[in-house]
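J.: Take a look at the following structure, please.
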Amino acid sequence: MSEMSPLRRRMINDMTIRNLSPATQRSYLHAMSKFSRYFGRSPDRLGLDDVRAFQVHLVFRQNLKR
């Protein structure tokens with residue numbers, strides 16, 4: 001098993017400090033993983049423009065399901 005990245009560890013720590021439930025934490029980590037896989041890069045190499053592009057992708061994909 002690979003070692004946890006510093007960014008993932010920080011995200012988990014931040015969510016724990018905010019007292020998010022384990023289920024919410026899993027959901028947020030899963031969403032971050034999908035975001036990262038969409039671009040094929042680590043989240044620490046992505047920026048605000050990438051967040052916006054991913055949001056547009058999600059909206060477009062949701063509209064296709066209708």
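Residues in the structure tokens are numbered from 1 in each chain, the chains being A, B, ... in the order shown, and ligands are numbered from 1 in the order shown.
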Might you pull out every residue within 10 Å of stretch 32-47 of chain A, with only C-alpha atoms counted and same-chain residues fewer than 5 positions away left off, and present them as a PDB file with N, CA and C atoms, in the first residue's frame?
T.:
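Dumped everything to around-v8.pdb:
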ATOM      1  N   SER A   5      -0.348  10.915   0.620  1.00  0.00           N
ATOM      2  CA  SER A   5       0.286  12.171   0.224  1.00  0.00           C
ATOM      3  C   SER A   5       0.058  13.233   1.304  1.00  0.00           C
ATOM      4  N   PRO A   6       0.952  14.205   1.376  1.00  0.00           N
ATOM      5  CA  PRO A   6       0.775  15.291   2.349  1.00  0.00           C
ATOM      6  C   PRO A   6      -0.532  16.056   2.133  1.00  0.00           C
ATOM      7  N   LEU A   7      -0.931  16.221   0.874  1.00  0.00           N
ATOM      8  CA  LEU A   7      -2.174  16.946   0.594  1.00  0.00           C
ATOM      9  C   LEU A   7      -3.388  16.173   1.111  1.00  0.00           C
ATOM     10  N   ARG A   8      -3.406  14.865   0.884  1.00  0.00           N
ATOM     11  CA  ARG A   8      -4.523  14.040   1.379  1.00  0.00           C
ATOM     12  C   ARG A   8      -4.555  14.056   2.907  1.00  0.00           C
ATOM     13  N   MET A  11      -5.970  17.334   4.036  1.00  0.00           N
ATOM     14  CA  MET A  11      -7.415  17.384   3.808  1.00  0.00           C
ATOM     15  C   MET A  11      -8.152  16.613   4.898  1.00  0.00           C
ATOM     16  N   ARG A  26     -15.354  10.546   3.536  1.00  0.00           N
ATOM     17  CA  ARG A  26     -15.178   9.600   2.424  1.00  0.00           C
ATOM     18  C   ARG A  26     -15.725  10.189   1.124  1.00  0.00           C
ATOM     19  N   SER A  27     -16.874  10.838   1.223  1.00  0.00           N
ATOM     20  CA  SER A  27     -17.485  11.448   0.048  1.00  0.00           C
ATOM     21  C   SER A  27     -16.594  12.543  -0.536  1.00  0.00           C
ATOM     22  N   ARG A  52     -13.094  25.152 -12.145  1.00  0.00           N
ATOM     23  CA  ARG A  52     -14.197  25.657 -12.974  1.00  0.00           C
ATOM     24  C   ARG A  52     -14.471  24.701 -14.144  1.00  0.00           C
ATOM     25  N   ALA A  53     -13.434  24.265 -14.819  1.00  0.00           N
ATOM     26  CA  ALA A  53     -13.607  23.351 -15.952  1.00  0.00           C
ATOM     27  C   ALA A  53     -14.253  22.041 -15.503  1.00  0.00           C
ATOM     28  N   PHE A  54     -13.883  21.550 -14.342  1.00  0.00           N
ATOM     29  CA  PHE A  54     -14.464  20.311 -13.826  1.00  0.00           C
ATOM     30  C   PHE A  54     -15.936  20.522 -13.472  1.00  0.00           C
ATOM     31  N   GLN A  55     -16.265  21.673 -12.907  1.00  0.00           N
ATOM     32  CA  GLN A  55     -17.663  21.974 -12.597  1.00  0.00           C
ATOM     33  C   GLN A  55     -18.500  22.007 -13.874  1.00  0.00           C
ATOM     34  N   HIS A  57     -17.836  20.445 -16.639  1.00  0.00           N
ATOM     35  CA  HIS A  57     -17.924  19.042 -17.066  1.00  0.00           C
ATOM     36  C   HIS A  57     -19.041  18.316 -16.314  1.00  0.00           C
TER      37      HIS A  57
END
J.: For the structure I just gave you, how does DSSP split chain A - specifically, which residues are alpha helix (DSSP H)? Reply as a PyMOL selection string.
T.: chain A and resi 6-17+22-39+48-65
J.: Mind pulling up the distance from atom CA of A:Gln25 to atom CA of A:Glu3?
T.: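 Straight-line distance from atom CA of A:Glu3 to atom CA of A:Gln25 works out to 18.5 Å.
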J.: Which one of A:Met4, A:Arg66, A:Arg61, A:Ile12 sits closest to A:Thr24 if you count only C-alpha atoms?
T.: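 Closest to A:Thr24, using only C-alpha atoms: A:Ile12.
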